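Source file: work-v5.pdb; contents: PDB, C-alpha atoms and all ligand atoms.
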ATOM      1  CA  MET A 570     -70.702 -75.796  -8.187
ATOM      2  CA  GLY A 571     -73.579 -75.575  -5.712
ATOM      3  CA  LYS A 572     -74.130 -72.818  -3.191
ATOM      4  CA  VAL A 573     -70.926 -71.777  -1.423
ATOM      5  CA  VAL A 574     -71.352 -71.911   2.357
ATOM      6  CA  LEU A 575     -67.771 -71.133   3.343
ATOM      7  CA  GLU A 576     -65.240 -68.958   1.598
ATOM      8  CA  VAL A 577     -61.643 -68.312   2.591
ATOM      9  CA  LYS A 578     -59.850 -65.536   0.701
ATOM     10  CA  ASP A 579     -56.075 -65.157   0.763
ATOM     11  CA  PHE A 580     -55.965 -65.863   4.479
ATOM     12  CA  SER A 581     -52.736 -65.779   6.496
ATOM     13  CA  PHE A 582     -52.096 -65.935  10.226
ATOM     14  CA  ARG A 583     -49.038 -65.741  12.441
ATOM     15  CA  TYR A 584     -49.372 -66.440  16.175
ATOM     16  CA  ARG A 585     -47.907 -63.784  18.437
ATOM     17  CA  GLN A 586     -44.357 -64.586  19.511
ATOM     18  CA  THR A 587     -43.720 -66.840  16.525
ATOM     19  CA  LYS A 588     -41.701 -65.916  13.462
ATOM     20  CA  GLN A 589     -43.331 -68.171  10.900
ATOM     21  CA  LYS A 590     -46.854 -67.833   9.603
ATOM     22  CA  ALA A 591     -48.937 -70.866  10.618
ATOM     23  CA  ILE A 592     -51.190 -70.338   7.587
ATOM     24  CA  LYS A 593     -50.070 -68.682   4.359
ATOM     25  CA  ASN A 594     -52.282 -67.171   1.659
ATOM     26  CA  ILE A 595     -54.978 -69.788   1.787
ATOM     27  CA  SER A 596     -57.998 -69.510  -0.525
ATOM     28  CA  PHE A 597     -60.745 -72.080  -1.011
ATOM     29  CA  GLN A 598     -64.500 -72.546  -1.009
ATOM     30  CA  VAL A 599     -66.743 -75.208   0.447
ATOM     31  CA  GLU A 600     -70.024 -76.137  -1.144
ATOM     32  CA  GLU A 601     -73.157 -76.399   0.971
ATOM     33  CA  GLY A 602     -73.928 -79.963   2.088
ATOM     34  CA  SER A 603     -70.550 -81.333   1.073
ATOM     35  CA  PHE A 604     -68.081 -83.446   3.019
ATOM     36  CA  PHE A 605     -64.777 -81.582   2.900
ATOM     37  CA  CYS A 606     -61.655 -83.160   4.388
ATOM     38  CA  ILE A 607     -58.417 -81.477   5.410
ATOM     39  CA  ILE A 608     -55.264 -83.562   5.704
ATOM     40  CA  GLY A 609     -51.621 -82.735   6.337
ATOM     41  CA  ALA A 610     -48.691 -83.594   8.576
ATOM     42  CA  ASN A 611     -48.353 -82.383  12.168
ATOM     43  CA  GLY A 612     -47.837 -78.645  12.270
ATOM     44  CA  SER A 613     -49.114 -78.094   8.731
ATOM     45  CA  GLY A 614     -51.722 -75.622   9.986
ATOM     46  CA  LYS A 615     -54.909 -77.706  10.135
ATOM     47  CA  SER A 616     -55.982 -76.635  13.629
ATOM     48  CA  THR A 617     -55.056 -73.026  12.959
ATOM     49  CA  LEU A 618     -57.304 -73.067   9.922
ATOM     50  CA  CYS A 619     -60.154 -74.641  11.936
ATOM     51  CA  ASN A 620     -59.778 -71.893  14.532
ATOM     52  CA  ALA A 621     -60.000 -69.282  11.791
ATOM     53  CA  LEU A 622     -63.134 -70.802  10.279
ATOM     54  CA  VAL A 623     -65.113 -70.492  13.525
ATOM     55  CA  GLY A 624     -63.738 -67.095  14.600
ATOM     56  CA  LEU A 625     -61.404 -68.204  17.433
ATOM     57  CA  ILE A 626     -58.942 -66.440  15.152
ATOM     58  CA  PRO A 627     -58.977 -63.430  15.423
ATOM     59  CA  HIS A 628     -61.369 -63.161  18.406
ATOM     60  CA  TYR A 629     -59.507 -65.432  20.814
ATOM     61  CA  PHE A 630     -55.970 -66.094  19.561
ATOM     62  CA  VAL A 631     -53.674 -63.107  19.354
ATOM     63  CA  GLY A 632     -51.512 -62.663  16.287
ATOM     64  CA  LYS A 633     -51.244 -61.087  12.887
ATOM     65  CA  MET A 634     -53.936 -61.886  10.387
ATOM     66  CA  SER A 635     -54.636 -60.963   6.787
ATOM     67  CA  GLY A 636     -57.305 -62.020   4.314
ATOM     68  CA  GLU A 637     -60.925 -62.921   4.966
ATOM     69  CA  VAL A 638     -63.200 -65.771   5.975
ATOM     70  CA  PHE A 639     -66.915 -65.763   5.156
ATOM     71  CA  VAL A 640     -69.479 -68.173   6.583
ATOM     72  CA  ASN A 641     -72.773 -67.942   4.744
ATOM     73  CA  GLY A 642     -71.730 -64.515   3.524
ATOM     74  CA  MET A 643     -71.027 -63.386   7.113
ATOM     75  CA  LYS A 644     -67.522 -62.030   7.618
ATOM     76  CA  VAL A 645     -65.962 -63.863  10.548
ATOM     77  CA  GLU A 646     -63.770 -60.950  11.599
ATOM     78  CA  ASP A 647     -66.798 -58.660  11.949
ATOM     79  CA  SER A 648     -69.015 -61.186  13.759
ATOM     80  CA  THR A 649     -69.082 -62.303  17.378
ATOM     81  CA  ILE A 650     -68.231 -65.870  18.347
ATOM     82  CA  ALA A 651     -71.760 -66.186  19.739
ATOM     83  CA  ASP A 652     -73.353 -65.185  16.415
ATOM     84  CA  LEU A 653     -70.975 -67.460  14.544
ATOM     85  CA  SER A 654     -71.887 -70.457  16.727
ATOM     86  CA  ALA A 655     -75.313 -70.484  15.094
ATOM     87  CA  LYS A 656     -73.671 -70.830  11.666
ATOM     88  CA  ILE A 657     -70.567 -72.900  12.237
ATOM     89  CA  GLY A 658     -69.445 -75.137  15.108
ATOM     90  CA  LEU A 659     -66.065 -76.620  15.993
ATOM     91  CA  VAL A 660     -65.444 -79.926  17.745
ATOM     92  CA  PHE A 661     -61.958 -80.160  19.254
ATOM     93  CA  GLN A 662     -59.603 -83.091  19.308
ATOM     94  CA  ASN A 663     -59.790 -83.205  23.103
ATOM     95  CA  PRO A 664     -63.414 -83.144  24.315
ATOM     96  CA  PHE A 665     -62.289 -82.097  27.778
ATOM     97  CA  ASN A 666     -61.418 -78.711  26.296
ATOM     98  CA  GLN A 667     -65.008 -78.358  25.224
ATOM     99  CA  LEU A 668     -66.804 -79.077  28.490
ATOM    100  CA  SER A 669     -68.178 -76.179  30.529
ATOM    101  CA  TYR A 670     -67.178 -77.785  33.877
ATOM    102  CA  THR A 671     -70.180 -76.072  35.427
ATOM    103  CA  ALA A 672     -72.836 -78.543  34.318
ATOM    104  CA  GLY A 673     -73.642 -81.371  36.710
ATOM    105  CA  THR A 674     -75.346 -83.551  34.112
ATOM    106  CA  VAL A 675     -75.069 -84.351  30.418
ATOM    107  CA  ALA A 676     -78.431 -82.631  29.880
ATOM    108  CA  GLU A 677     -77.130 -79.413  31.464
ATOM    109  CA  GLU A 678     -73.933 -79.659  29.470
ATOM    110  CA  LEU A 679     -75.883 -79.950  26.223
ATOM    111  CA  ALA A 680     -78.116 -77.019  27.171
ATOM    112  CA  TYR A 681     -75.218 -74.842  28.307
ATOM    113  CA  GLY A 682     -74.788 -72.800  25.116
ATOM    114  CA  LEU A 683     -78.525 -72.228  24.767
ATOM    115  CA  GLY A 684     -78.528 -70.329  28.077
ATOM    116  CA  ASN A 685     -77.521 -67.057  26.437
ATOM    117  CA  ARG A 686     -80.001 -67.398  23.610
ATOM    118  CA  GLY A 687     -83.277 -66.659  25.352
ATOM    119  CA  VAL A 688     -84.621 -70.117  24.555
ATOM    120  CA  SER A 689     -87.642 -71.074  26.696
ATOM    121  CA  HIS A 690     -87.268 -73.924  29.186
ATOM    122  CA  GLU A 691     -89.756 -76.059  27.271
ATOM    123  CA  GLU A 692     -87.915 -75.564  23.999
ATOM    124  CA  MET A 693     -84.600 -76.273  25.692
ATOM    125  CA  VAL A 694     -85.828 -79.620  27.016
ATOM    126  CA  LYS A 695     -87.037 -80.559  23.533
ATOM    127  CA  LYS A 696     -83.744 -79.631  21.909
ATOM    128  CA  VAL A 697     -81.728 -81.508  24.539
ATOM    129  CA  GLU A 698     -83.852 -84.638  24.030
ATOM    130  CA  TYR A 699     -83.520 -84.436  20.271
ATOM    131  CA  VAL A 700     -79.751 -83.923  20.294
ATOM    132  CA  ALA A 701     -79.168 -86.572  22.992
ATOM    133  CA  LYS A 702     -80.954 -89.139  20.817
ATOM    134  CA  LEU A 703     -79.037 -88.070  17.732
ATOM    135  CA  MET A 704     -75.728 -88.404  19.608
ATOM    136  CA  ARG A 705     -76.789 -91.710  21.179
ATOM    137  CA  ILE A 706     -76.306 -90.408  24.706
ATOM    138  CA  ASP A 707     -79.977 -90.335  25.739
ATOM    139  CA  HIS A 708     -79.339 -93.205  28.171
ATOM    140  CA  VAL A 709     -76.710 -91.214  30.121
ATOM    141  CA  ILE A 710     -78.403 -87.835  30.111
ATOM    142  CA  HIS A 711     -78.651 -87.617  33.923
ATOM    143  CA  LYS A 712     -75.060 -88.667  34.539
ATOM    144  CA  ASN A 713     -72.177 -86.368  35.281
ATOM    145  CA  PRO A 714     -70.241 -85.829  32.015
ATOM    146  CA  LEU A 715     -66.994 -86.692  33.805
ATOM    147  CA  GLU A 716     -68.277 -90.198  34.599
ATOM    148  CA  LEU A 717     -68.632 -91.125  30.937
ATOM    149  CA  SER A 718     -66.352 -93.037  28.595
ATOM    150  CA  GLY A 719     -64.104 -91.110  26.198
ATOM    151  CA  GLY A 720     -66.413 -91.841  23.284
ATOM    152  CA  GLN A 721     -69.458 -90.695  25.223
ATOM    153  CA  ILE A 722     -67.737 -87.470  26.312
ATOM    154  CA  GLN A 723     -66.798 -86.751  22.713
ATOM    155  CA  ARG A 724     -70.439 -87.291  21.725
ATOM    156  CA  VAL A 725     -71.503 -84.840  24.454
ATOM    157  CA  ALA A 726     -68.995 -82.331  23.035
ATOM    158  CA  LEU A 727     -70.356 -82.865  19.531
ATOM    159  CA  GLY A 728     -73.905 -82.544  20.874
ATOM    160  CA  SER A 729     -73.197 -79.310  22.731
ATOM    161  CA  THR A 730     -71.822 -77.871  19.474
ATOM    162  CA  PHE A 731     -74.630 -79.196  17.325
ATOM    163  CA  ILE A 732     -77.420 -78.025  19.636
ATOM    164  CA  MET A 733     -76.601 -74.450  18.551
ATOM    165  CA  GLU A 734     -77.924 -75.533  15.121
ATOM    166  CA  PRO A 735     -74.946 -74.649  12.951
ATOM    167  CA  ARG A 736     -75.301 -75.647   9.299
ATOM    168  CA  VAL A 737     -71.555 -76.199   9.100
ATOM    169  CA  LEU A 738     -69.608 -78.513  11.423
ATOM    170  CA  VAL A 739     -65.827 -78.391  11.710
ATOM    171  CA  LEU A 740     -64.227 -81.462  13.265
ATOM    172  CA  ASP A 741     -60.582 -81.185  14.241
ATOM    173  CA  GLU A 742     -59.266 -84.761  14.618
ATOM    174  CA  CYS A 743     -62.114 -85.358  17.012
ATOM    175  CA  THR A 744     -61.731 -89.143  17.020
ATOM    176  CA  THR A 745     -57.963 -89.450  17.545
ATOM    177  CA  GLN A 746     -58.253 -89.976  21.288
ATOM    178  CA  LEU A 747     -60.872 -92.713  20.953
ATOM    179  CA  ASP A 748     -60.653 -96.474  20.493
ATOM    180  CA  PRO A 749     -61.746 -97.777  17.054
ATOM    181  CA  LEU A 750     -65.300 -98.463  18.226
ATOM    182  CA  GLY A 751     -65.734 -95.054  19.862
ATOM    183  CA  SER A 752     -64.224 -93.496  16.789
ATOM    184  CA  GLU A 753     -66.603 -95.270  14.392
ATOM    185  CA  GLU A 754     -69.573 -94.279  16.547
ATOM    186  CA  ILE A 755     -68.709 -90.583  16.278
ATOM    187  CA  PHE A 756     -68.014 -90.951  12.612
ATOM    188  CA  ASP A 757     -71.374 -92.659  11.933
ATOM    189  CA  ILE A 758     -73.125 -89.738  13.591
ATOM    190  CA  VAL A 759     -71.143 -87.213  11.546
ATOM    191  CA  LYS A 760     -72.026 -89.061   8.358
ATOM    192  CA  SER A 761     -75.725 -89.088   9.218
ATOM    193  CA  LEU A 762     -75.620 -85.346   9.965
ATOM    194  CA  ASN A 763     -74.018 -84.802   6.558
ATOM    195  CA  GLN A 764     -76.795 -86.857   4.962
ATOM    196  CA  LYS A 765     -79.269 -84.515   6.672
ATOM    197  CA  GLY A 766     -77.642 -81.616   4.795
ATOM    198  CA  ILE A 767     -75.070 -80.395   7.319
ATOM    199  CA  THR A 768     -71.820 -79.315   5.672
ATOM    200  CA  VAL A 769     -68.915 -81.197   7.243
ATOM    201  CA  ILE A 770     -65.330 -79.972   7.312
ATOM    202  CA  MET A 771     -63.232 -82.746   8.819
ATOM    203  CA  VAL A 772     -59.574 -82.871   9.751
ATOM    204  CA  ASP A 773     -58.632 -86.546   9.933
ATOM    205  CA  HIS A 774     -55.620 -88.786   9.536
ATOM    206  CA  GLU A 775     -57.575 -91.986   8.924
ATOM    207  CA  MET A 776     -56.928 -92.054   5.197
ATOM    208  CA  GLU A 777     -59.261 -94.971   4.450
ATOM    209  CA  ARG A 778     -62.094 -93.003   5.972
ATOM    210  CA  VAL A 779     -61.110 -89.767   4.252
ATOM    211  CA  ALA A 780     -60.911 -91.512   0.872
ATOM    212  CA  ARG A 781     -64.296 -93.137   1.435
ATOM    213  CA  CYS A 782     -66.229 -90.094   2.597
ATOM    214  CA  ALA A 783     -64.739 -86.899   1.255
ATOM    215  CA  ASP A 784     -66.301 -85.086  -1.670
ATOM    216  CA  LYS A 785     -63.128 -83.033  -1.722
ATOM    217  CA  ILE A 786     -59.781 -83.224   0.041
ATOM    218  CA  MET A 787     -57.478 -80.340   0.792
ATOM    219  CA  VAL A 788     -53.829 -81.117   1.555
ATOM    220  CA  LEU A 789     -51.860 -78.654   3.699
ATOM    221  CA  ASP A 790     -48.097 -78.527   4.018
ATOM    222  CA  GLY A 791     -46.203 -75.809   5.878
ATOM    223  CA  GLY A 792     -49.336 -73.689   6.150
ATOM    224  CA  GLU A 793     -50.016 -73.738   2.415
ATOM    225  CA  ILE A 794     -52.492 -75.581   0.211
ATOM    226  CA  VAL A 795     -50.605 -78.063  -1.936
ATOM    227  CA  ALA A 796     -53.612 -79.825  -3.422
ATOM    228  CA  ILE A 797     -57.374 -79.569  -3.388
ATOM    229  CA  ASP A 798     -59.296 -82.162  -5.376
ATOM    230  CA  ILE A 799     -61.547 -85.231  -5.321
ATOM    231  CA  PRO A 800     -60.116 -88.234  -3.394
ATOM    232  CA  GLU A 801     -59.366 -90.305  -6.507
ATOM    233  CA  ARG A 802     -57.119 -87.628  -7.938
ATOM    234  CA  ILE A 803     -55.462 -86.758  -4.604
ATOM    235  CA  PHE A 804     -54.416 -90.333  -3.916
ATOM    236  CA  GLU A 805     -53.516 -91.121  -7.517
ATOM    237  CA  THR A 806     -50.878 -88.405  -7.464
ATOM    238  CA  PRO A 807     -47.738 -90.426  -6.631
ATOM    239  CA  ASP A 808     -45.976 -87.313  -5.318
ATOM    240  CA  ILE A 809     -48.631 -86.679  -2.706
ATOM    241  CA  VAL A 810     -46.730 -88.703  -0.051
ATOM    242  CA  LYS A 811     -43.887 -86.201  -0.112
ATOM    243  CA  HIS A 812     -46.154 -83.921   1.922
ATOM    244  CA  ARG A 813     -45.854 -86.447   4.772
ATOM    245  CA  ILE A 814     -49.414 -87.692   4.550
ATOM    246  CA  GLY A 815     -50.442 -91.322   4.501
ATOM    247  CA  VAL A 816     -52.399 -92.902   1.676
ATOM    248  CA  PRO A 817     -55.072 -95.598   2.019
ATOM    249  CA  ASP A 818     -53.806 -99.208   1.897
ATOM    250  CA  TYR A 819     -55.774 -99.985  -1.254
ATOM    251  CA  VAL A 820     -53.997 -97.121  -3.018
ATOM    252  CA  LYS A 821     -50.624 -98.556  -1.974
ATOM    253  CA  ILE A 822     -51.660-101.966  -3.249
ATOM    254  CA  CYS A 823     -52.891-100.597  -6.567
ATOM    255  CA  GLN A 824     -49.716 -98.570  -7.003
ATOM    256  CA  SER A 825     -47.536-101.620  -6.347
ATOM    257  CA  LEU A 826     -49.612-103.694  -8.749
ATOM    258  CA  ARG A 827     -49.189-101.052 -11.407
ATOM    259  CA  GLU A 828     -45.457-100.822 -10.823
ATOM    260  CA  LYS A 829     -45.265-104.589 -11.300
ATOM    261  CA  GLY A 830     -46.856-104.132 -14.700
ATOM    262  CA  TYR A 831     -50.486-104.948 -13.994
ATOM    263  CA  THR A 832     -52.702-102.513 -15.848
ATOM    264  CA  LYS A 833     -55.383-100.445 -14.155
ATOM    265  CA  ARG A 834     -57.971-102.493 -16.032
ATOM    266  CA  GLU A 835     -56.643-105.771 -14.693
ATOM    267  CA  ILE A 836     -56.710-104.356 -11.180
ATOM    268  CA  GLU A 837     -60.298-103.220 -11.572
ATOM    269  CA  ILE A 838     -61.415-106.546 -13.055
ATOM    270  CA  ALA A 839     -59.970-108.451 -10.100
ATOM    271  CA  GLU A 840     -62.970-107.610  -7.964
ATOM    272  CA  GLU A 841     -61.116-108.770  -4.922
ATOM    273  CA  PRO A 842     -57.438-108.923  -5.713
ATOM    274  CA  THR A 843     -56.395-112.436  -4.753
ATOM    275  CA  ILE A 844     -53.999-112.620  -1.856
ATOM    276  CA  GLU A 845     -51.377-114.114  -4.181
ATOM    277  CA  LEU A 846     -51.649-111.128  -6.496
ATOM    278  CA  VAL A 847     -51.299-108.710  -3.594
ATOM    279  CA  LYS A 848     -48.369-110.617  -2.069
ATOM    280  CA  GLU A 849     -46.685-110.731  -5.445
ATOM    281  CA  ALA A 850     -47.184-106.999  -5.937
ATOM    282  CA  LEU A 851     -45.895-106.047  -2.522
ATOM    283  CA  LYS A 852     -42.794-108.214  -2.830
ATOM    284  CA  GLY A 853     -39.500-106.353  -3.124
TER     285      GLY A 853
HETATM  286  P1  LIG B 901     -51.741 -78.998  12.825
HETATM  287  O1  LIG B 901     -53.088 -78.888  13.443
HETATM  288  O2  LIG B 901     -51.757 -79.281  11.362
HETATM  289  O3  LIG B 901     -50.856 -79.960  13.559
HETATM  290  P2  LIG B 901     -51.316 -76.308  13.892
HETATM  291  O4  LIG B 901     -52.310 -75.413  13.248
HETATM  292  O5  LIG B 901     -51.609 -76.757  15.271
HETATM  293  O6  LIG B 901     -51.023 -77.564  12.924
HETATM  294  O7  LIG B 901     -49.903 -75.602  13.911
HETATM  295  C1  LIG B 901     -49.398 -74.871  12.815
HETATM  296  C2  LIG B 901     -48.186 -74.079  13.286
HETATM  297  O8  LIG B 901     -48.589 -73.086  14.215
HETATM  298  C3  LIG B 901     -47.152 -74.918  14.018
HETATM  299  O9  LIG B 901     -45.885 -74.460  13.669
HETATM  300  C4  LIG B 901     -47.439 -74.677  15.475
HETATM  301  O10 LIG B 901     -46.295 -74.806  16.260
HETATM  302  C5  LIG B 901     -47.952 -73.240  15.482
HETATM  303  N1  LIG B 901     -48.942 -73.018  16.540
HETATM  304  C6  LIG B 901     -50.108 -73.676  16.723
HETATM  305  N2  LIG B 901     -50.799 -73.200  17.773
HETATM  306  C7  LIG B 901     -50.051 -72.194  18.289
HETATM  307  C8  LIG B 901     -50.197 -71.285  19.389
HETATM  308  N3  LIG B 901     -51.290 -71.309  20.160
HETATM  309  N4  LIG B 901     -49.218 -70.384  19.605
HETATM  310  C9  LIG B 901     -48.124 -70.352  18.826
HETATM  311  N5  LIG B 901     -47.912 -71.157  17.758
HETATM  312  C10 LIG B 901     -48.857 -72.073  17.499
HETATM  313 MG    MG B 902     -54.063 -80.001  14.941
END
Represent the structure of the file as structure tokens.
Amino acid sequence: MGKVVLEVKDFSFRYRQTKQKAIKNISFQVEEGSFFCIIGANGSGKSTLCNALVGLIPHYFVGKMSGEVFVNGMKVEDSTIADLSAKIGLVFQNPFNQLSYTAGTVAEELAYGLGNRGVSHEEMVKKVEYVAKLMRIDHVIHKNPLELSGGQIQRVALGSTFIMEPRVLVLDECTTQLDPLGSEEIFDIVKSLNQKGITVIMVDHEMERVARCADKIMVLDGGEIVAIDIPERIFETPDIVKHRIGVPDYVKICQSLREKGYTKREIEIAEEPTIELVKEALKG
């Protein structure tokens, strides 16, 4: 295993005024530069975990916490959210929750977080230009963020997180509110950031995408880890669907083919399974 950039140790959290723990005794590590995906049904604790990784738990949400989270060796509980934002950044599902609502332009919105950092004006302009290009919003930089399309607003939100230069990005279903094109655009950017060495922790329910991109997948159910493995092994476990997660279509097809008696080798040889073969397998 390479250098560990994120470590969660026996972490549990219960929101105030709830009886059940949202997260129970979770332990895992994420390797620097990897693409780590978190999947699980609604209410399985994915967002709670994201909040814990970036320090919103315990610094913002009130409740009962035990265990520890370390980002680059820095203990989240003992660090400020401001200090953490230089190490790890979270992009929410709803970009409107991420906007400052005080910035009149996209450029100001991007620069917003840098305001408290003592960055010179010149440096700020450079950073804004760089990030705007990276997020493909350089053509709308003088517009009001609220005039943009959903996909553009989400890219502004991603940009305003990324401009703080975190080495770890946490994405909590940040493409669910977008159309397929807007969603792919965000995802392309995330992939290119990962190729630049940024560690990505992504909550997603697009299983095709998860299977294609994840180095490792963690499956949550009822606030607990039920599996943590490479995609091939996660989706080859027939029981995995009992945790109310989807599986990619090609996995379903392969499983049906296998159940019909086709061997794994035959499936692999059929470079593109013929439509007849697939129809036959899915019958009944
Ligand atoms: P997911 O993101 O996987 O849908 P969540 O982390 O949002 O799951 O929720 C996990 C559990 O915690 C759920 O039972 C949910 O109702 C509860 N929960 C989430 N946010 C809050 C909150 N702010 N206050 C109280 N309970 C919450
Ligand atoms: Mg959620």
Margin query: With only C-alpha atoms as the counted atoms, please give the residues lying no more than 6 Å from region 597-600 of chain A, apart from itself and same-chain residues fewer than 4 positions off, as number ranges by chain.
Written below: A: 571-577
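Comparing the minimum interatomic distances between ligand LIG 901 (chain B) and each of A:Glu849, A:Glu601, A:Asp741, A:Asp818, counting all atoms listed in the file, we find that A:Asp741 sits nearest.
Minimum distance to Gln721 (chain A) across A:Ile755, A:Ile794, A:Val688, A:Cys782 (counting all atoms listed in the file) occurs at A:Ile755.
Minimum atom-to-atom distance to ligand MG 902 (chain B), evaluated using all atoms listed in the file, belongs to A:Glu742 out of A:Asp757, A:Glu742, A:Glu646, A:Glu691.
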Next item on the list: Let me know the residues the PyMOL selection byres (((chain A and resi 636) around 7) and not hetatm) catches in the file above, as a PyMOL selection string.
Entry: chain A and resi 578-581+634-635+637
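Shortest atom-to-atom contact with ligand LIG 901 (chain B) among A:Cys619, A:Ile809, A:Ala726, A:Met570: A:Cys619, counting only C-alpha atoms and all ligand atoms.
If only C-alpha atoms and all ligand atoms are the atoms counted, then among A:Arg781, A:Arg827, A:Lys590, A:Lys615 the closest residue to ligand LIG 901 (chain B) is A:Lys615.
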Margin query: Given only C-alpha atoms as the basis, pick out the residue of A:Asn611, A:Asn666, A:Thr671, A:Asn620 nearest to Asn713 (chain A).
Written below: A:Thr671
Compute the set of protein, DNA and RNA residues whose minimum atom distance to ligand LIG 901 (chain B) is at most 7 Å, using all atoms listed in the file, and state it as a PDB file with C-alpha atoms, in the coordinates of the input.
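Saved the output as part15.pdb:
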ATOM      1  CA  TYR A 584     -49.372 -66.440  16.175  1.00  0.00           C
ATOM      2  CA  ARG A 585     -47.907 -63.784  18.437  1.00  0.00           C
ATOM      3  CA  GLN A 586     -44.357 -64.586  19.511  1.00  0.00           C
ATOM      4  CA  THR A 587     -43.720 -66.840  16.525  1.00  0.00           C
ATOM      5  CA  ALA A 591     -48.937 -70.866  10.618  1.00  0.00           C
ATOM      6  CA  GLY A 609     -51.621 -82.735   6.337  1.00  0.00           C
ATOM      7  CA  ALA A 610     -48.691 -83.594   8.576  1.00  0.00           C
ATOM      8  CA  ASN A 611     -48.353 -82.383  12.168  1.00  0.00           C
ATOM      9  CA  GLY A 612     -47.837 -78.645  12.270  1.00  0.00           C
ATOM     10  CA  SER A 613     -49.114 -78.094   8.731  1.00  0.00           C
ATOM     11  CA  GLY A 614     -51.722 -75.622   9.986  1.00  0.00           C
ATOM     12  CA  LYS A 615     -54.909 -77.706  10.135  1.00  0.00           C
ATOM     13  CA  SER A 616     -55.982 -76.635  13.629  1.00  0.00           C
ATOM     14  CA  THR A 617     -55.056 -73.026  12.959  1.00  0.00           C
ATOM     15  CA  LEU A 618     -57.304 -73.067   9.922  1.00  0.00           C
ATOM     16  CA  GLY A 792     -49.336 -73.689   6.150  1.00  0.00           C
TER      17      GLY A 792
END
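For the pair CA of Pro664 (chain A) and CA of Gly687 (chain A), the interatomic distance is 25.8 Å.
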What would region 691-704 of chain A look like with N, CA and C atoms in place, written as a compact mmCIF listing (two decimals), keeping the file's coordinate frame?
# COMPACT_ATOMS: atom_id res chain seq x y z
N GLU A 691 -89.08 -74.98 27.99
CA GLU A 691 -89.76 -76.06 27.27
C GLU A 691 -89.00 -76.42 25.98
N GLU A 692 -88.62 -75.38 25.27
CA GLU A 692 -87.92 -75.56 24.00
C GLU A 692 -86.54 -76.20 24.24
N MET A 693 -85.92 -75.76 25.34
CA MET A 693 -84.60 -76.27 25.69
C MET A 693 -84.66 -77.78 25.94
N VAL A 694 -85.66 -78.19 26.70
CA VAL A 694 -85.83 -79.62 27.02
C VAL A 694 -86.00 -80.43 25.72
N LYS A 695 -86.80 -79.88 24.82
CA LYS A 695 -87.04 -80.56 23.53
C LYS A 695 -85.75 -80.70 22.75
N LYS A 696 -85.00 -79.62 22.67
CA LYS A 696 -83.74 -79.63 21.91
C LYS A 696 -82.76 -80.62 22.52
N VAL A 697 -82.67 -80.60 23.85
CA VAL A 697 -81.73 -81.51 24.54
C VAL A 697 -82.11 -82.97 24.24
N GLU A 698 -83.40 -83.27 24.31
CA GLU A 698 -83.85 -84.64 24.03
C GLU A 698 -83.50 -85.05 22.61
N TYR A 699 -83.78 -84.15 21.68
CA TYR A 699 -83.52 -84.44 20.27
C TYR A 699 -82.03 -84.70 20.03
N VAL A 700 -81.19 -83.81 20.54
CA VAL A 700 -79.75 -83.92 20.29
C VAL A 700 -79.17 -85.14 21.02
N ALA A 701 -79.66 -85.42 22.24
CA ALA A 701 -79.17 -86.57 22.99
C ALA A 701 -79.45 -87.87 22.22
N LYS A 702 -80.62 -87.95 21.63
CA LYS A 702 -80.95 -89.14 20.82
C LYS A 702 -80.02 -89.25 19.63
N LEU A 703 -79.88 -88.12 18.93
CA LEU A 703 -79.04 -88.07 17.73
C LEU A 703 -77.60 -88.51 18.04
N MET A 704 -77.12 -88.11 19.22
CA MET A 704 -75.73 -88.40 19.61
C MET A 704 -75.62 -89.74 20.35
